[in-house]
file input23.cif (mmCIF, C-alpha atoms; chains and numbers go by the auth columns)
data_entry
#
loop_
_atom_site.group_PDB
_atom_site.id
_atom_site.type_symbol
_atom_site.label_atom_id
_atom_site.label_comp_id
_atom_site.label_asym_id
_atom_site.label_seq_id
_atom_site.Cartn_x
_atom_site.Cartn_y
_atom_site.Cartn_z
_atom_site.B_iso_or_equiv
_atom_site.auth_seq_id
_atom_site.auth_asym_id
ATOM 1 C CA MET A 1 -15.494 1.907 -19.503 0.00 1 A
ATOM 2 C CA MET A 2 -16.895 2.735 -16.123 0.00 2 A
ATOM 3 C CA HIS A 3 -15.881 5.331 -13.580 0.00 3 A
ATOM 4 C CA PRO A 4 -12.953 4.110 -11.397 0.00 4 A
ATOM 5 C CA THR A 5 -15.118 4.241 -8.277 0.00 5 A
ATOM 6 C CA LYS A 6 -17.474 1.709 -9.893 0.00 6 A
ATOM 7 C CA TYR A 7 -14.541 -0.718 -10.235 0.00 7 A
ATOM 8 C CA ALA A 8 -13.621 -0.047 -6.603 0.00 8 A
ATOM 9 C CA ALA A 9 -17.185 -0.855 -5.557 0.00 9 A
ATOM 10 C CA MET A 10 -17.188 -4.072 -7.597 0.00 10 A
ATOM 11 C CA LEU A 11 -13.876 -5.181 -6.078 0.00 11 A
ATOM 12 C CA ALA A 12 -15.048 -4.377 -2.547 0.00 12 A
ATOM 13 C CA ALA A 13 -18.293 -6.332 -3.078 0.00 13 A
ATOM 14 C CA LYS A 14 -16.474 -9.396 -4.440 0.00 14 A
ATOM 15 C CA MET A 15 -13.884 -9.336 -1.658 0.00 15 A
ATOM 16 C CA GLU A 16 -16.604 -9.067 0.978 0.00 16 A
ATOM 17 C CA LYS A 17 -18.729 -11.795 -0.636 0.00 17 A
ATOM 18 C CA HIS A 18 -15.845 -14.259 -0.820 0.00 18 A
ATOM 19 C CA GLY A 19 -13.995 -13.241 2.372 0.00 19 A
ATOM 20 C CA ALA A 20 -10.908 -12.340 0.347 0.00 20 A
ATOM 21 C CA THR A 21 -7.926 -10.415 1.621 0.00 21 A
ATOM 22 C CA GLY A 22 -5.832 -8.068 -0.470 0.00 22 A
ATOM 23 C CA TRP A 23 -2.088 -7.575 -0.234 0.00 23 A
ATOM 24 C CA LEU A 24 0.112 -4.809 -1.581 0.00 24 A
ATOM 25 C CA VAL A 25 3.614 -6.217 -2.085 0.00 25 A
ATOM 26 C CA ASN A 26 6.523 -4.020 -3.142 0.00 26 A
ATOM 27 C CA THR A 27 8.332 -6.074 -5.738 0.00 27 A
ATOM 28 C CA GLY A 28 10.125 -3.102 -7.198 0.00 28 A
ATOM 29 C CA TRP A 29 12.370 -0.306 -6.035 0.00 29 A
ATOM 30 C CA SER A 30 13.379 0.390 -2.455 0.00 30 A
ATOM 31 C CA GLY A 31 15.971 2.472 -0.653 0.00 31 A
ATOM 32 C CA GLY A 32 15.761 5.693 -2.584 0.00 32 A
ATOM 33 C CA ARG A 33 14.802 7.269 -5.844 0.00 33 A
ATOM 34 C CA TYR A 34 15.533 5.396 -9.027 0.00 34 A
ATOM 35 C CA GLY A 35 19.290 5.283 -9.395 0.00 35 A
ATOM 36 C CA SER A 36 20.070 5.503 -5.691 0.00 36 A
ATOM 37 C CA GLY A 37 18.175 2.537 -4.298 0.00 37 A
ATOM 38 C CA ASN A 38 17.917 -1.110 -5.263 0.00 38 A
ATOM 39 C CA ARG A 39 15.317 -3.542 -6.445 0.00 39 A
ATOM 40 C CA ILE A 40 13.782 -5.729 -3.761 0.00 40 A
ATOM 41 C CA LYS A 41 15.568 -9.075 -3.902 0.00 41 A
ATOM 42 C CA LEU A 42 13.444 -11.695 -5.617 0.00 42 A
ATOM 43 C CA ALA A 43 14.158 -14.146 -2.788 0.00 43 A
ATOM 44 C CA TYR A 44 12.538 -11.719 -0.303 0.00 44 A
ATOM 45 C CA THR A 45 9.531 -11.173 -2.552 0.00 45 A
ATOM 46 C CA ARG A 46 9.087 -14.950 -2.775 0.00 46 A
ATOM 47 C CA LYS A 47 9.237 -15.283 1.027 0.00 47 A
ATOM 48 C CA ILE A 48 6.551 -12.610 1.405 0.00 48 A
ATOM 49 C CA ILE A 49 4.328 -14.330 -1.173 0.00 49 A
ATOM 50 C CA ASP A 50 4.940 -17.680 0.572 0.00 50 A
ATOM 51 C CA ALA A 51 3.804 -16.093 3.862 0.00 51 A
ATOM 52 C CA ILE A 52 0.634 -14.836 2.170 0.00 52 A
ATOM 53 C CA HIS A 53 -0.118 -18.261 0.680 0.00 53 A
ATOM 54 C CA SER A 54 0.556 -20.137 3.921 0.00 54 A
ATOM 55 C CA GLY A 55 -1.652 -17.767 5.922 0.00 55 A
ATOM 56 C CA SER A 56 1.165 -16.875 8.314 0.00 56 A
ATOM 57 C CA LEU A 57 1.028 -13.229 7.281 0.00 57 A
ATOM 58 C CA LEU A 58 -2.544 -13.058 8.582 0.00 58 A
ATOM 59 C CA LYS A 59 -1.161 -13.839 12.053 0.00 59 A
ATOM 60 C CA ALA A 60 1.768 -11.398 11.913 0.00 60 A
ATOM 61 C CA ASN A 61 2.170 -8.236 13.968 0.00 61 A
ATOM 62 C CA TYR A 62 1.748 -5.022 12.005 0.00 62 A
ATOM 63 C CA LYS A 63 2.492 -1.345 12.313 0.00 63 A
ATOM 64 C CA LYS A 64 0.973 1.514 10.325 0.00 64 A
ATOM 65 C CA THR A 65 2.986 3.735 8.043 0.00 65 A
ATOM 66 C CA GLU A 66 2.803 7.503 8.084 0.00 66 A
ATOM 67 C CA VAL A 67 0.711 9.336 5.480 0.00 67 A
ATOM 68 C CA PHE A 68 -0.799 6.279 3.734 0.00 68 A
ATOM 69 C CA GLY A 69 -1.644 4.266 6.855 0.00 69 A
ATOM 70 C CA LEU A 70 -0.521 1.025 5.242 0.00 70 A
ATOM 71 C CA GLU A 71 -0.140 -1.857 7.660 0.00 71 A
ATOM 72 C CA ILE A 72 3.235 -3.502 7.259 0.00 72 A
ATOM 73 C CA PRO A 73 4.327 -6.685 9.011 0.00 73 A
ATOM 74 C CA THR A 74 7.099 -6.317 11.558 0.00 74 A
ATOM 75 C CA GLU A 75 8.458 -9.775 10.675 0.00 75 A
ATOM 76 C CA VAL A 76 8.297 -12.193 7.773 0.00 76 A
ATOM 77 C CA GLU A 77 10.271 -15.419 7.972 0.00 77 A
ATOM 78 C CA GLY A 78 13.339 -15.244 5.739 0.00 78 A
ATOM 79 C CA VAL A 79 13.086 -11.479 5.155 0.00 79 A
ATOM 80 C CA PRO A 80 15.261 -8.955 7.018 0.00 80 A
ATOM 81 C CA SER A 81 12.869 -6.969 9.227 0.00 81 A
ATOM 82 C CA GLU A 82 14.584 -3.674 8.421 0.00 82 A
ATOM 83 C CA ILE A 83 13.521 -3.817 4.766 0.00 83 A
ATOM 84 C CA LEU A 84 9.841 -4.195 5.653 0.00 84 A
ATOM 85 C CA GLU A 85 9.730 -0.559 6.829 0.00 85 A
ATOM 86 C CA PRO A 86 10.381 1.535 3.693 0.00 86 A
ATOM 87 C CA MET A 87 12.088 4.386 5.527 0.00 87 A
ATOM 88 C CA ASN A 88 14.711 1.991 6.901 0.00 88 A
ATOM 89 C CA THR A 89 15.974 1.256 3.398 0.00 89 A
ATOM 90 C CA TRP A 90 16.657 4.917 2.563 0.00 90 A
ATOM 91 C CA SER A 91 20.025 6.297 3.679 0.00 91 A
ATOM 92 C CA ASP A 92 18.687 9.856 3.277 0.00 92 A
ATOM 93 C CA LYS A 93 15.724 9.977 5.701 0.00 93 A
ATOM 94 C CA LYS A 94 14.943 13.587 4.814 0.00 94 A
ATOM 95 C CA ALA A 95 14.631 12.688 1.119 0.00 95 A
ATOM 96 C CA TYR A 96 12.381 9.767 2.091 0.00 96 A
ATOM 97 C CA LYS A 97 10.059 12.040 4.069 0.00 97 A
ATOM 98 C CA GLU A 98 9.960 14.641 1.278 0.00 98 A
ATOM 99 C CA THR A 99 9.173 11.958 -1.298 0.00 99 A
ATOM 100 C CA LEU A 100 6.502 10.417 0.947 0.00 100 A
ATOM 101 C CA LEU A 101 4.771 13.768 1.448 0.00 101 A
ATOM 102 C CA LYS A 102 4.991 14.590 -2.263 0.00 102 A
ATOM 103 C CA LEU A 103 3.467 11.241 -3.213 0.00 103 A
ATOM 104 C CA GLY A 104 0.749 11.663 -0.581 0.00 104 A
ATOM 105 C CA GLY A 105 -0.059 15.084 -2.015 0.00 105 A
ATOM 106 C CA LEU A 106 -0.292 13.655 -5.528 0.00 106 A
ATOM 107 C CA PHE A 107 -2.723 10.983 -4.323 0.00 107 A
ATOM 108 C CA LYS A 108 -4.778 13.573 -2.447 0.00 108 A
ATOM 109 C CA THR A 109 -4.996 15.775 -5.554 0.00 109 A
ATOM 110 C CA ASN A 110 -6.020 12.786 -7.665 0.00 110 A
ATOM 111 C CA PHE A 111 -8.715 11.774 -5.153 0.00 111 A
ATOM 112 C CA GLU A 112 -10.330 15.215 -5.485 0.00 112 A
ATOM 113 C CA GLY A 113 -11.563 14.174 -8.919 0.00 113 A
ATOM 114 C CA PHE A 114 -13.641 11.397 -7.366 0.00 114 A
ATOM 115 C CA VAL A 115 -15.372 13.291 -4.556 0.00 115 A
ATOM 116 C CA ALA A 116 -18.404 14.232 -6.656 0.00 116 A
ATOM 117 C CA HIS A 117 -18.951 10.671 -7.913 0.00 117 A
ATOM 118 C CA LYS A 118 -21.033 8.955 -5.212 0.00 118 A
ATOM 119 C CA ILE A 119 -21.300 5.165 -4.958 0.00 119 A
ATOM 120 C CA GLY A 120 -22.707 2.684 -2.500 0.00 120 A
ATOM 121 C CA LYS A 121 -25.699 2.849 -0.231 0.00 121 A
ATOM 122 C CA ASP A 122 -25.903 6.335 1.253 0.00 122 A
ATOM 123 C CA ASP A 123 -22.543 7.112 -0.415 0.00 123 A
ATOM 124 C CA LYS A 124 -20.769 5.123 2.319 0.00 124 A
ATOM 125 C CA LEU A 125 -18.366 3.468 -0.114 0.00 125 A
ATOM 126 C CA THR A 126 -17.325 6.851 -1.508 0.00 126 A
ATOM 127 C CA ASP A 127 -16.657 8.040 2.029 0.00 127 A
ATOM 128 C CA ALA A 128 -14.696 4.861 2.825 0.00 128 A
ATOM 129 C CA ILE A 129 -12.527 5.244 -0.288 0.00 129 A
ATOM 130 C CA LEU A 130 -11.776 8.876 0.485 0.00 130 A
ATOM 131 C CA ALA A 131 -11.074 8.080 4.152 0.00 131 A
ATOM 132 C CA ALA A 132 -8.534 5.467 3.061 0.00 132 A
ATOM 133 C CA GLY A 133 -6.507 8.117 1.275 0.00 133 A
ATOM 134 C CA PRO A 134 -3.358 9.749 2.572 0.00 134 A
ATOM 135 C CA VAL A 135 -3.320 11.882 5.700 0.00 135 A
ATOM 136 C CA LEU A 136 -0.937 14.803 5.361 0.00 136 A
#

call {"tool": "encode", "arguments": {"input": "input23.cif", "output": "structure tokens"}}
result
Amino acid sequence: MMHPTKYAAMLAAKMEKHGATGWLVNTGWSGGRYGSGNRIKLAYTRKIIDAIHSGSLLKANYKKTEVFGLEIPTEVEGVPSEILEPMNTWSDKKAYKETLLKLGGLFKTNFEGFVAHKIGKDDKLTDAILAAGPVL
């Protein structure tokens, strides 16, 4: 087994070499903690995957989320726009924000274990990975 940053470097190199894009698709829970939210409807997940495969998602308009800076599309054909923004699916906005900040803190703490492990030319990849982490 290699250090996780080595796998990150290998993935980044392959994606760059082949001009690949990566997509993070929530196919699981939305709208609250387990027990208070719902699973994303399979029909919506399929529409999002269809948009990735057709290339239409590459042309979509995006907005960045708080804390993680993820870029989420504002529209996907066949998917209600309100579910694309995670906070919109939570009835308790305060609980959403608390959960978001807690998760961001957990990621930040986890990232601290990788700071000393330098990869890439002039450690630029290490810096890029750390810069991509949550902003609290």

call {"tool": "closest_residue", "arguments": {"input": "input23.cif", "among": "A:Met15, A:Ile72, A:Met10, A:Ile83", "to": "Tyr44 in chain A", "atoms": "all atoms listed in the file"}}
result
A:Ile83

call {"tool": "residues_around", "arguments": {"input": "input23.cif", "residues": "Thr5 in chain A", "least_positions_apart": "2", "cutoff": "10 Å", "atoms": "only C-alpha atoms", "output": "list of chain:residue names"}}
result
A:Met2, A:His3, A:Tyr7, A:Ala8, A:Ala9, A:Met10, A:Leu11, A:Phe114, A:Val115, A:His117, A:Lys118, A:Ile119, A:Gly120, A:Leu125, A:Thr126, A:Ile129

call {"tool": "write_last_selection", "arguments": {"input": "input23.cif", "atoms": "C-alpha atoms", "output": "short mmCIF file (atom, residue, chain, number, x, y, z; two decimals), keeping the file's coordinate frame"}}
result
data_model
loop_
_atom_site.label_atom_id
_atom_site.label_comp_id
_atom_site.auth_asym_id
_atom_site.auth_seq_id
_atom_site.Cartn_x
_atom_site.Cartn_y
_atom_site.Cartn_z
CA MET A 2 -16.90 2.74 -16.12
CA HIS A 3 -15.88 5.33 -13.58
CA TYR A 7 -14.54 -0.72 -10.24
CA ALA A 8 -13.62 -0.05 -6.60
CA ALA A 9 -17.18 -0.86 -5.56
CA MET A 10 -17.19 -4.07 -7.60
CA LEU A 11 -13.88 -5.18 -6.08
CA PHE A 114 -13.64 11.40 -7.37
CA VAL A 115 -15.37 13.29 -4.56
CA HIS A 117 -18.95 10.67 -7.91
CA LYS A 118 -21.03 8.96 -5.21
CA ILE A 119 -21.30 5.16 -4.96
CA GLY A 120 -22.71 2.68 -2.50
CA LEU A 125 -18.37 3.47 -0.11
CA THR A 126 -17.32 6.85 -1.51
CA ILE A 129 -12.53 5.24 -0.29
#

call {"tool": "atom_distance", "arguments": {"input": "input23.cif", "atom1": "CA of Leu106 in chain A", "atom2": "CA of Tyr62 in chain A"}}
result
25.7 Å

call {"tool": "resolve_selection", "arguments": {"input": "input23.cif", "expression": "the PyMOL selection byres ((chain A and resi 29) around 6)", "output": "PyMOL selection string"}}
result
chain A and resi 28+30+38-39

call {"tool": "atom_distance", "arguments": {"input": "input23.cif", "atom1": "CA of Val79 in chain A", "atom2": "CA of Tyr34 in chain A"}}
result
22.2 Å

call {"tool": "residues_around", "arguments": {"input": "input23.cif", "residues": "Pro134 in chain A", "least_positions_apart": "4", "cutoff": "9 Å", "atoms": "all atoms listed in the file", "output": "list in words"}}
result
Glu66, Val67, Phe68, Gly69, Gly104, Gly105, Phe107, Lys108 and Leu130 of chain A

call {"tool": "atom_distance", "arguments": {"input": "input23.cif", "atom1": "CA of Gly19 in chain A", "atom2": "CA of Thr45 in chain A"}}
result
24.1 Å

call {"tool": "resolve_selection", "arguments": {"input": "input23.cif", "expression": "the PyMOL selection byres ((chain A and resi 61) around 6)", "output": "PyMOL selection string"}}
result
chain A and resi 60+62+73-74

call {"tool": "write_last_selection", "arguments": {"input": "input23.cif", "atoms": "C-alpha atoms", "output": "mmCIF file, in the coordinates of the input"}}
result
data_model
loop_
_atom_site.group_PDB
_atom_site.id
_atom_site.type_symbol
_atom_site.label_atom_id
_atom_site.label_comp_id
_atom_site.auth_asym_id
_atom_site.auth_seq_id
_atom_site.Cartn_x
_atom_site.Cartn_y
_atom_site.Cartn_z
ATOM 1 C CA ALA A 60 1.768 -11.398 11.913
ATOM 2 C CA TYR A 62 1.748 -5.022 12.005
ATOM 3 C CA PRO A 73 4.327 -6.685 9.011
ATOM 4 C CA THR A 74 7.099 -6.317 11.558
#

call {"tool": "closest_residue", "arguments": {"input": "input23.cif", "among": "A:Thr99, A:Ala128, A:Ile48, A:Gly32", "to": "Ser81 in chain A", "atoms": "all atoms listed in the file"}}
result
A:Ile48

call {"tool": "resolve_selection", "arguments": {"input": "input23.cif", "expression": "the PyMOL selection byres ((chain A and resi 57) around 10)", "output": "PyMOL selection string"}}
result
chain A and resi 23+48-56+58-62+72-73+75-77

call {"tool": "closest_residue", "arguments": {"input": "input23.cif", "among": "A:Lys97, A:Lys63, A:Gly78, A:Pro86", "to": "Val25 in chain A", "atoms": "only C-alpha atoms"}}
result
A:Pro86

call {"tool": "closest_residue", "arguments": {"input": "input23.cif", "among": "A:Gly113, A:Pro4, A:Gly37, A:Gly133", "to": "Ser91 in chain A", "atoms": "all atoms listed in the file"}}
result
A:Gly37

call {"tool": "closest_residue", "arguments": {"input": "input23.cif", "among": "A:Leu136, A:Ile40, A:Ala12, A:Met1", "to": "Pro80 in chain A", "atoms": "all atoms listed in the file"}}
result
A:Ile40

call {"tool": "closest_residue", "arguments": {"input": "input23.cif", "among": "A:Asn110, A:Tyr96, A:Asp123, A:Leu84", "to": "Asn26 in chain A", "atoms": "all atoms listed in the file"}}
result
A:Leu84

call {"tool": "decode", "arguments": {"input": "input23.cif", "residues": "range 57-68 of chain A", "atoms": "all heavy atoms", "output": "short mmCIF file (atom, residue, chain, number, x, y, z; two decimals), in the first residue's frame"}}
result
data_model
loop_
_atom_site.label_atom_id
_atom_site.label_comp_id
_atom_site.auth_asym_id
_atom_site.auth_seq_id
_atom_site.Cartn_x
_atom_site.Cartn_y
_atom_site.Cartn_z
N LEU A 57 -23.53 18.58 -19.14
CA LEU A 57 -23.15 19.12 -17.83
C LEU A 57 -21.87 19.97 -17.92
O LEU A 57 -21.67 20.86 -17.10
CB LEU A 57 -22.98 17.98 -16.82
CG LEU A 57 -23.38 18.28 -15.39
CD1 LEU A 57 -24.75 18.91 -15.27
CD2 LEU A 57 -23.31 17.04 -14.54
N LEU A 58 -21.05 19.70 -18.92
CA LEU A 58 -19.85 20.52 -19.11
C LEU A 58 -20.21 21.95 -19.51
O LEU A 58 -19.43 22.87 -19.29
CB LEU A 58 -18.95 19.91 -20.19
CG LEU A 58 -18.21 18.64 -19.81
CD1 LEU A 58 -17.54 18.03 -21.03
CD2 LEU A 58 -17.18 18.92 -18.73
N LYS A 59 -21.39 22.13 -20.09
CA LYS A 59 -21.83 23.44 -20.57
C LYS A 59 -22.76 24.15 -19.60
O LYS A 59 -23.20 25.25 -19.87
CB LYS A 59 -22.54 23.27 -21.92
CG LYS A 59 -21.66 22.64 -22.99
CD LYS A 59 -22.45 22.33 -24.23
CE LYS A 59 -21.62 21.46 -25.15
NZ LYS A 59 -22.40 20.47 -25.84
N ALA A 60 -23.05 23.51 -18.48
CA ALA A 60 -24.01 24.07 -17.50
C ALA A 60 -23.41 25.26 -16.76
O ALA A 60 -22.19 25.47 -16.74
CB ALA A 60 -24.41 22.99 -16.51
N ASN A 61 -24.28 26.03 -16.14
CA ASN A 61 -23.87 27.09 -15.22
C ASN A 61 -23.71 26.47 -13.84
O ASN A 61 -24.47 25.60 -13.45
CB ASN A 61 -24.91 28.21 -15.17
CG ASN A 61 -25.00 28.95 -16.47
OD1 ASN A 61 -24.00 29.27 -17.09
ND2 ASN A 61 -26.21 29.20 -16.91
N TYR A 62 -22.71 26.96 -13.10
CA TYR A 62 -22.40 26.41 -11.79
C TYR A 62 -22.32 27.50 -10.75
O TYR A 62 -22.07 28.66 -11.06
CB TYR A 62 -21.04 25.69 -11.82
CG TYR A 62 -21.07 24.41 -12.62
CD1 TYR A 62 -20.91 24.43 -14.00
CD2 TYR A 62 -21.27 23.20 -11.99
CE1 TYR A 62 -20.96 23.26 -14.73
CE2 TYR A 62 -21.30 22.01 -12.72
CZ TYR A 62 -21.15 22.06 -14.08
OH TYR A 62 -21.19 20.90 -14.81
N LYS A 63 -22.52 27.08 -9.49
CA LYS A 63 -22.23 27.97 -8.37
C LYS A 63 -21.46 27.16 -7.34
O LYS A 63 -21.59 25.93 -7.27
CB LYS A 63 -23.49 28.59 -7.79
CG LYS A 63 -24.45 27.63 -7.16
CD LYS A 63 -25.71 28.35 -6.71
CE LYS A 63 -25.86 28.19 -5.22
NZ LYS A 63 -27.02 28.84 -4.68
N LYS A 64 -20.63 27.85 -6.56
CA LYS A 64 -19.79 27.17 -5.57
C LYS A 64 -20.51 27.08 -4.23
O LYS A 64 -21.20 28.00 -3.83
CB LYS A 64 -18.48 27.93 -5.36
CG LYS A 64 -17.48 27.66 -6.44
CD LYS A 64 -16.11 28.13 -6.04
CE LYS A 64 -15.15 27.70 -7.13
NZ LYS A 64 -13.80 27.63 -6.66
N THR A 65 -20.30 25.95 -3.58
CA THR A 65 -20.87 25.75 -2.25
C THR A 65 -19.95 26.37 -1.20
O THR A 65 -18.75 26.54 -1.43
CB THR A 65 -21.04 24.26 -1.92
OG1 THR A 65 -19.76 23.63 -1.93
CG2 THR A 65 -21.97 23.57 -2.91
N GLU A 66 -20.54 26.66 -0.06
CA GLU A 66 -19.75 27.13 1.08
C GLU A 66 -18.90 25.98 1.61
O GLU A 66 -19.23 24.82 1.42
CB GLU A 66 -20.67 27.56 2.23
CG GLU A 66 -21.38 28.86 2.05
CD GLU A 66 -22.17 29.17 3.30
OE1 GLU A 66 -21.56 29.61 4.30
OE2 GLU A 66 -23.40 28.95 3.28
N VAL A 67 -17.85 26.32 2.29
CA VAL A 67 -16.94 25.41 3.01
C VAL A 67 -16.13 24.52 2.06
O VAL A 67 -14.92 24.61 2.03
CB VAL A 67 -17.67 24.56 4.08
CG1 VAL A 67 -16.69 23.62 4.79
CG2 VAL A 67 -18.38 25.45 5.10
N PHE A 68 -16.78 23.68 1.26
CA PHE A 68 -16.03 22.75 0.40
C PHE A 68 -15.73 23.32 -0.98
O PHE A 68 -14.90 22.77 -1.70
CB PHE A 68 -16.78 21.42 0.27
CG PHE A 68 -16.72 20.61 1.53
CD1 PHE A 68 -17.75 20.66 2.45
CD2 PHE A 68 -15.62 19.82 1.81
CE1 PHE A 68 -17.68 19.92 3.62
CE2 PHE A 68 -15.55 19.07 2.97
CZ PHE A 68 -16.58 19.14 3.89
#
